[in-house]
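Text of data-v9.cif, listed as mmCIF, C-alpha atoms:
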data_input
#
loop_
_atom_site.label_atom_id
_atom_site.label_comp_id
_atom_site.auth_asym_id
_atom_site.auth_seq_id
_atom_site.Cartn_x
_atom_site.Cartn_y
_atom_site.Cartn_z
CA MET F 13 36.42 45.08 29.53
CA ASN F 14 37.57 43.17 32.63
CA GLU F 15 41.21 44.13 32.05
CA ALA F 16 40.26 47.81 31.77
CA ALA F 17 38.18 47.59 34.96
CA PHE F 18 41.16 46.10 36.79
CA ILE F 19 43.50 48.88 35.63
CA VAL F 20 41.02 51.65 36.48
CA VAL F 21 40.27 50.38 39.99
CA LEU F 22 43.97 49.70 40.66
CA ARG F 23 44.99 53.25 39.77
CA GLU F 24 42.13 55.06 41.49
CA SER F 25 42.19 52.90 44.63
CA LEU F 26 45.91 53.41 45.02
CA GLU F 27 45.53 57.17 44.86
CA ALA F 28 42.79 57.09 47.51
CA ILE F 29 44.91 54.81 49.71
CA LEU F 30 47.85 57.17 49.17
CA VAL F 31 45.86 60.17 50.42
CA VAL F 32 44.78 58.31 53.55
CA GLY F 33 48.33 57.05 54.08
CA LEU F 34 49.82 60.54 53.78
CA VAL F 35 47.42 62.07 56.29
CA TYR F 36 47.76 59.11 58.68
CA ALA F 37 51.57 59.25 58.58
CA TRP F 38 51.59 63.01 59.15
CA LEU F 39 49.20 62.79 62.12
CA ALA F 40 51.24 59.96 63.66
CA ARG F 41 54.46 61.92 63.18
CA GLU F 42 52.92 64.99 64.81
CA GLY F 43 51.66 62.91 67.72
CA ARG F 44 48.02 63.75 67.01
CA ARG F 45 46.50 60.35 67.71
CA ASP F 46 43.36 62.17 68.84
CA ALA F 47 42.65 63.03 65.20
CA LEU F 48 42.85 59.46 63.89
CA ASN F 49 39.19 58.74 64.69
CA TRP F 50 38.27 61.74 62.56
CA LEU F 51 40.51 60.38 59.80
CA TRP F 52 38.74 57.01 59.73
CA GLY F 53 35.38 58.75 59.98
CA GLY F 54 36.31 60.72 56.87
CA VAL F 55 37.22 57.50 55.05
CA ALA F 56 33.83 56.00 55.93
CA ALA F 57 32.01 59.16 54.85
CA GLY F 58 33.91 59.26 51.54
CA ILE F 59 33.01 55.66 50.77
CA ALA F 60 29.36 56.36 51.65
CA LEU F 61 29.28 59.38 49.32
CA ALA F 62 30.73 57.30 46.50
CA VAL F 63 28.15 54.56 47.07
CA VAL F 64 25.31 57.12 46.98
CA LEU F 65 26.65 58.52 43.71
CA GLY F 66 26.86 55.00 42.30
CA ALA F 67 23.24 54.31 43.27
CA VAL F 68 22.10 57.55 41.62
CA LEU F 69 24.14 56.80 38.52
CA MET F 70 22.71 53.30 38.11
CA GLY F 71 19.22 54.56 38.91
CA VAL F 72 19.32 57.22 36.21
CA GLY F 73 20.72 54.73 33.70
CA ARG F 74 17.90 52.28 34.37
CA TRP F 75 15.20 54.95 34.42
CA LEU F 76 16.10 56.10 30.91
CA THR F 77 15.08 53.95 27.96
CA GLY F 78 15.81 53.66 24.25
CA ASP F 79 17.85 56.41 22.63
CA ALA F 80 17.88 58.46 25.85
CA GLN F 81 19.64 55.63 27.68
CA THR F 82 22.13 55.21 24.85
CA LEU F 83 22.87 58.95 24.88
CA PHE F 84 23.37 58.86 28.66
CA GLN F 85 25.80 55.96 28.34
CA THR F 86 27.56 57.80 25.52
CA ALA F 87 27.92 60.90 27.69
CA MET F 88 29.28 58.82 30.57
CA SER F 89 31.84 57.13 28.29
CA ALA F 90 33.01 60.49 26.93
CA LEU F 91 33.10 62.01 30.45
CA ALA F 92 35.11 59.06 31.76
CA ALA F 93 37.62 59.45 28.93
CA ALA F 94 37.96 63.18 29.61
CA LEU F 95 38.42 62.59 33.36
CA ILE F 96 41.21 60.10 32.74
CA VAL F 97 43.09 62.47 30.43
CA GLN F 98 42.62 65.33 32.91
CA MET F 99 43.82 63.13 35.78
CA VAL F 100 47.01 62.14 33.97
CA ALA F 101 47.71 65.75 32.98
CA TRP F 102 47.13 66.93 36.57
CA MET F 103 49.47 64.32 38.01
CA ARG F 104 52.21 65.34 35.60
CA ARG F 105 51.76 69.01 36.44
CA ARG F 106 51.01 68.92 40.17
CA GLY F 107 52.45 65.61 41.30
CA ALA F 108 55.53 67.27 42.78
CA SER F 109 53.44 69.21 45.30
CA PHE F 110 50.94 66.43 46.06
CA LYS F 111 52.43 65.37 49.40
CA ARG F 112 53.20 68.93 50.51
CA SER F 113 49.70 70.11 49.63
CA MET F 114 48.03 67.34 51.65
CA GLU F 115 50.22 68.01 54.68
CA CYS F 116 49.60 71.77 54.51
CA ASP F 117 45.84 71.21 54.43
CA ALA F 118 46.05 68.86 57.41
CA MET F 119 48.26 71.33 59.30
CA LEU F 120 45.78 74.15 58.64
CA CYS F 121 42.92 72.07 60.04
CA LEU F 122 44.83 71.22 63.21
CA SER F 123 46.13 74.75 63.73
CA ARG F 124 42.53 75.96 63.83
CA SER F 125 41.47 73.09 66.10
CA ARG F 126 39.10 71.86 63.45
CA LEU F 127 39.44 68.11 63.66
CA TRP F 128 36.33 67.80 61.52
CA GLY F 129 38.41 69.41 58.79
CA ILE F 130 40.63 66.31 58.74
CA ALA F 131 37.55 64.16 58.21
CA THR F 132 36.31 66.48 55.46
CA LEU F 133 39.70 66.52 53.73
CA VAL F 134 39.91 62.73 53.61
CA ALA F 135 36.20 62.26 52.83
CA LEU F 136 36.38 64.52 49.79
CA ALA F 137 39.53 62.81 48.52
CA VAL F 138 38.10 59.30 48.94
CA ALA F 139 34.71 60.33 47.53
CA ARG F 140 36.39 61.95 44.52
CA GLU F 141 38.42 58.86 43.69
CA GLY F 142 35.42 56.63 44.32
CA ALA F 143 33.18 58.78 42.15
CA GLU F 144 35.70 58.84 39.32
CA THR F 145 36.02 55.05 39.56
CA LEU F 146 32.25 54.62 39.30
CA VAL F 147 32.06 56.93 36.30
CA PHE F 148 34.88 55.01 34.62
CA LEU F 149 33.27 51.62 35.33
CA TYR F 150 29.89 52.82 34.11
CA GLY F 151 31.50 54.13 30.94
CA LEU F 152 33.18 50.76 30.43
CA GLY F 153 29.74 49.16 30.23
CA LEU F 154 28.89 48.06 33.77
CA ALA F 155 25.24 49.11 33.34
CA GLN F 156 24.81 46.76 30.36
CA TRP F 157 26.28 43.63 31.93
CA ARG F 158 24.27 40.91 33.60
CA GLY F 159 24.80 37.55 35.28
CA GLY F 160 28.20 35.96 34.85
CA GLN F 161 29.58 38.95 33.01
CA LEU F 162 28.70 41.27 35.89
CA THR F 163 30.29 38.84 38.36
CA SER F 164 33.47 38.73 36.30
CA PHE F 165 33.46 42.53 36.07
CA ALA F 166 33.09 42.83 39.87
CA LEU F 167 35.88 40.31 40.48
CA ALA F 168 38.22 42.27 38.22
CA ALA F 169 37.39 45.48 40.09
CA GLY F 170 37.88 43.76 43.46
CA LEU F 171 41.22 42.36 42.35
CA GLY F 172 42.25 45.86 41.30
CA PHE F 173 41.54 47.17 44.81
CA VAL F 174 43.43 44.33 46.51
CA THR F 175 46.36 44.83 44.15
CA ALA F 176 46.36 48.56 44.91
CA ALA F 177 46.64 47.86 48.63
CA ALA F 178 49.47 45.39 47.99
CA CYS F 179 51.28 47.88 45.74
CA PHE F 180 51.03 50.53 48.43
CA VAL F 181 52.74 48.25 50.96
CA VAL F 182 55.41 47.09 48.52
CA LEU F 183 56.20 50.60 47.31
CA GLN F 184 56.60 51.83 50.89
CA TRP F 185 59.26 49.18 51.42
CA SER F 186 61.10 50.19 48.27
CA SER F 187 62.86 53.39 47.30
CA ARG F 188 59.99 55.79 47.87
CA ARG F 189 60.88 58.55 45.49
CA LEU F 190 61.82 56.52 42.40
CA ALA F 191 59.34 53.67 42.95
CA TRP F 192 56.32 55.92 43.33
CA ARG F 193 57.34 58.20 40.49
CA GLY F 194 57.82 55.16 38.26
CA PHE F 195 54.46 53.71 39.25
CA PHE F 196 52.51 56.85 38.46
CA ARG F 197 54.28 57.23 35.14
CA ALA F 198 53.47 53.60 34.35
CA SER F 199 49.83 54.19 35.34
CA GLU F 200 49.55 56.51 32.35
CA ILE F 201 48.51 53.32 30.54
CA LEU F 202 45.05 54.56 31.56
CA LEU F 203 45.26 56.80 28.52
CA LEU F 204 44.70 53.62 26.49
CA VAL F 205 41.59 52.87 28.54
CA ALA F 206 40.37 56.40 27.85
CA ALA F 207 40.91 55.79 24.14
CA GLY F 208 38.71 52.70 24.39
CA LEU F 209 36.00 54.70 26.17
CA TRP F 210 36.17 57.39 23.49
CA VAL F 211 35.81 54.78 20.74
CA ALA F 212 32.77 53.31 22.51
CA ALA F 213 31.18 56.77 22.68
CA LEU F 214 31.80 57.38 18.97
CA GLU F 215 30.34 53.99 18.03
CA ARG F 216 27.16 54.68 20.00
CA LEU F 217 26.76 58.05 18.27
CA MET F 218 27.20 56.42 14.86
CA ASN F 219 24.66 53.73 15.73
CA LEU F 220 22.18 56.48 16.65
CA GLY F 221 22.86 58.25 13.37
CA TRP F 222 24.25 61.33 15.12
CA LEU F 223 27.60 60.88 13.38
CA PRO F 224 28.21 59.83 9.78
CA VAL F 225 29.93 56.48 9.42
CA GLY F 226 31.96 57.50 6.39
CA ILE F 227 33.91 54.80 4.57
CA ASP F 228 33.16 51.52 6.34
CA PRO F 229 35.46 49.73 6.69
CA LEU F 230 38.40 51.93 5.88
CA TRP F 231 40.68 48.88 6.08
CA ASP F 232 40.71 45.29 7.32
CA THR F 233 43.54 44.10 9.56
CA SER F 234 41.74 41.03 10.90
CA VAL F 235 44.10 38.74 9.01
CA TRP F 236 47.03 40.00 11.09
CA LEU F 237 45.26 41.02 14.29
CA ASP F 238 41.66 39.95 14.88
CA ASP F 239 39.84 42.14 17.40
CA GLY F 240 37.70 39.25 18.57
CA GLN F 241 40.36 37.07 20.19
CA GLY F 242 43.90 36.88 21.54
CA VAL F 243 46.03 40.01 21.60
CA GLY F 244 43.65 41.81 19.27
CA GLY F 245 40.73 41.11 21.58
CA LEU F 246 42.72 42.43 24.53
CA LEU F 247 43.58 45.62 22.64
CA ALA F 248 39.95 45.97 21.61
CA SER F 249 38.67 45.71 25.19
CA ILE F 250 41.28 48.07 26.65
CA ALA F 251 42.26 50.54 23.94
CA GLY F 252 39.39 50.42 21.45
CA TYR F 253 41.28 48.65 18.66
CA ARG F 254 39.06 47.75 15.70
CA ALA F 255 40.11 45.48 12.84
CA TRP F 256 37.41 46.97 10.54
CA PRO F 257 37.23 50.65 11.53
CA SER F 258 35.16 53.23 9.72
CA SER F 259 36.81 56.44 8.54
CA THR F 260 34.90 58.40 11.20
CA LEU F 261 36.23 56.13 13.94
CA VAL F 262 39.80 56.50 12.67
CA LEU F 263 39.46 60.27 12.52
CA GLY F 264 38.04 60.36 16.06
CA TYR F 265 40.89 58.15 17.30
CA LEU F 266 43.49 60.45 15.72
CA CYS F 267 41.81 63.50 17.25
CA TYR F 268 41.88 61.86 20.68
CA TRP F 269 45.61 61.13 20.56
CA GLY F 270 46.28 64.59 19.15
CA LEU F 271 44.50 66.09 22.16
CA VAL F 272 46.42 63.82 24.53
CA TYR F 273 49.72 64.87 22.98
CA TRP F 274 48.81 68.55 23.29
CA TRP F 275 47.23 68.41 26.75
CA VAL F 276 49.30 65.78 28.55
CA GLY F 277 52.54 65.83 26.59
CA GLY F 278 52.94 69.54 27.21
CA GLN F 279 52.97 69.14 30.98
CA ARG F 280 56.28 69.12 32.82
CA PRO F 281 56.90 65.66 34.33
CA SER F 282 56.52 65.77 38.09
CA HIS F 283 59.30 64.98 40.56
CA ASN F 284 59.11 63.68 44.13
CA VAL F 285 55.52 62.64 43.49
CA VAL F 286 54.99 61.10 46.91
CA GLU F 287 58.46 60.99 48.37
CA GLY F 288 58.24 60.02 51.99
CA ALA F 289 54.59 59.03 51.76
CA VAL F 290 54.92 57.09 55.00
CA SER F 291 57.83 58.26 57.05
#

Can you dump the structure from the file as structure tokens?
Amino acid sequence: MNEAAFIVVLRESLEAILVVGLVYAWLAREGRRDALNWLWGGVAAGIALAVVLGAVLMGVGRWLTGDAQTLFQTAMSALAAALIVQMVAWMRRRGASFKRSMECDAMLCLSRSRLWGIATLVALAVAREGAETLVFLYGLGLAQWRGGQLTSFALAAGLGFVTAAACFVVLQWSSRRLAWRGFFRASEILLLVAAGLWVAALERLMNLGWLPVGIDPLWDTSVWLDDGQGVGGLLASIAGYRAWPSSTLVLGYLCYWGLVYWWVGGQRPSHNVVEGAVS
């Protein structure tokens, strides 16, 4: 799951950095340096809120035992998958107005002399992205990992954040409109991560006996693509590929992609996603 953790943190961190960058650039352009301290205060508050949520999440997961813990982890995996699909659909539908919406909110706060509103705006954005990241990571299995595995998981997440910061800088130097639009379209690879989370949730429900297994296995493709190593192992950790899937798992996988096609595919692709993010 390290690859999935990297992708998730990269995408979510970049969006949080983008929000901060948009507000910072707008304040600097408007000559409102007096509001920058409120901006950075909002960033700190957003990170603190995300950390508190993470502590609560891990605490609840450890407090529960047995089937209750498994059901909680199942719910978190399913919720994480749903959040990813919703996020991709929202970006396709509302991406064109993302920059304008952030600037209008900032302008409203300043016009009413409510500098604390700038802090609140940024804090909520950072906390939202941080909270979503924590839900995604928990759904990927963070709560079950110990020792070296947890260290590897944390390194992958940290690398995702560093890469997000580097991407932000590089994309600002490039053609802003096309580069950013291309990046966010490419980040729709998260739909594969969501598929993996959905598969994990279905498998837990089948292990609990809440779902029938059906024909098991429905087929065996391990001869061509083993899900325990190489490319197959990578696909298994990111997208939920199984070489010996049950009929229930296959049906659930088809339902997931059918929902994605209906929910995400029906959205109009956004334009000018973050054109002029730092100008």

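Across the chains present, the PyMOL selection byres ((chain F and resi 58) around 8) applied to this file returns Gly54, Val55, Ala56, Ala57, Ile59, Ala60, Leu61, Ala62, Val134, Ala135, Leu136, Ala137, Val138, Ala139, Arg140 and Gly142 of chain F.
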
- In terms of the shortest atom-to-atom distance over only C-alpha atoms, which of F:Asp79, F:Glu200, F:Asp46, F:Glu24 is closest to Leu217 of chain F?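 Looking only at the distances to Leu217 of chain F, the closest residue turns out to be F:Asp79.
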
- Task: May I have the residues within 12 Å of Val262 of chain F as JSON, numbers by chain, using all atoms listed in the file and disregarding those fewer than 3 positions away in the same chain?
- Result: {"F": [207, 210, 211, 214, 215, 225, 226, 227, 228, 229, 230, 231, 252, 253, 254, 255, 256, 257, 258, 259, 265, 266, 267, 268, 269]}

- Message: To test your reading of the syntax: which residues would the PyMOL selection byres ((chain F and resi 144-153) around 9) return for the file shown? Reply as a PyMOL selection string.
- Response: chain F and resi 13+16-17+20-21+24-25+62-63+65-66+69-70+85-93+95-96+139-143+154-157+169+205-206+208-209+212-213

- How would you write, as a PyMOL selection string, the residues chosen by the PyMOL selection byres ((chain F and resi 174) around 12) on this structure? chain F and resi 18-19+21-26+29+167-173+175-181

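Atom pair atom CA of Leu51 of chain F / atom CA of Ala131 of chain F: separated by 5.1 Å.
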
- Query: Which value, in Å to one decimal, gives the distance between atom CA of Leu133 of chain F and atom CA of Ala118 of chain F?
  - Reply: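 Between atom CA of Leu133 of chain F and atom CA of Ala118 of chain F the gap works out to 7.7 Å.
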
- Task: For atom CA of Ile130 of chain F and atom CA of Ala47 of chain F, determine how far apart the two atoms are, in Å to one decimal place.
- Result: 7.5 Å

- Of the listed residues F:Pro224, F:Thr233, F:Leu34, F:Ser249, that which approaches Gly264 of chain F most closely, counting all atoms listed in the file: F:Pro224
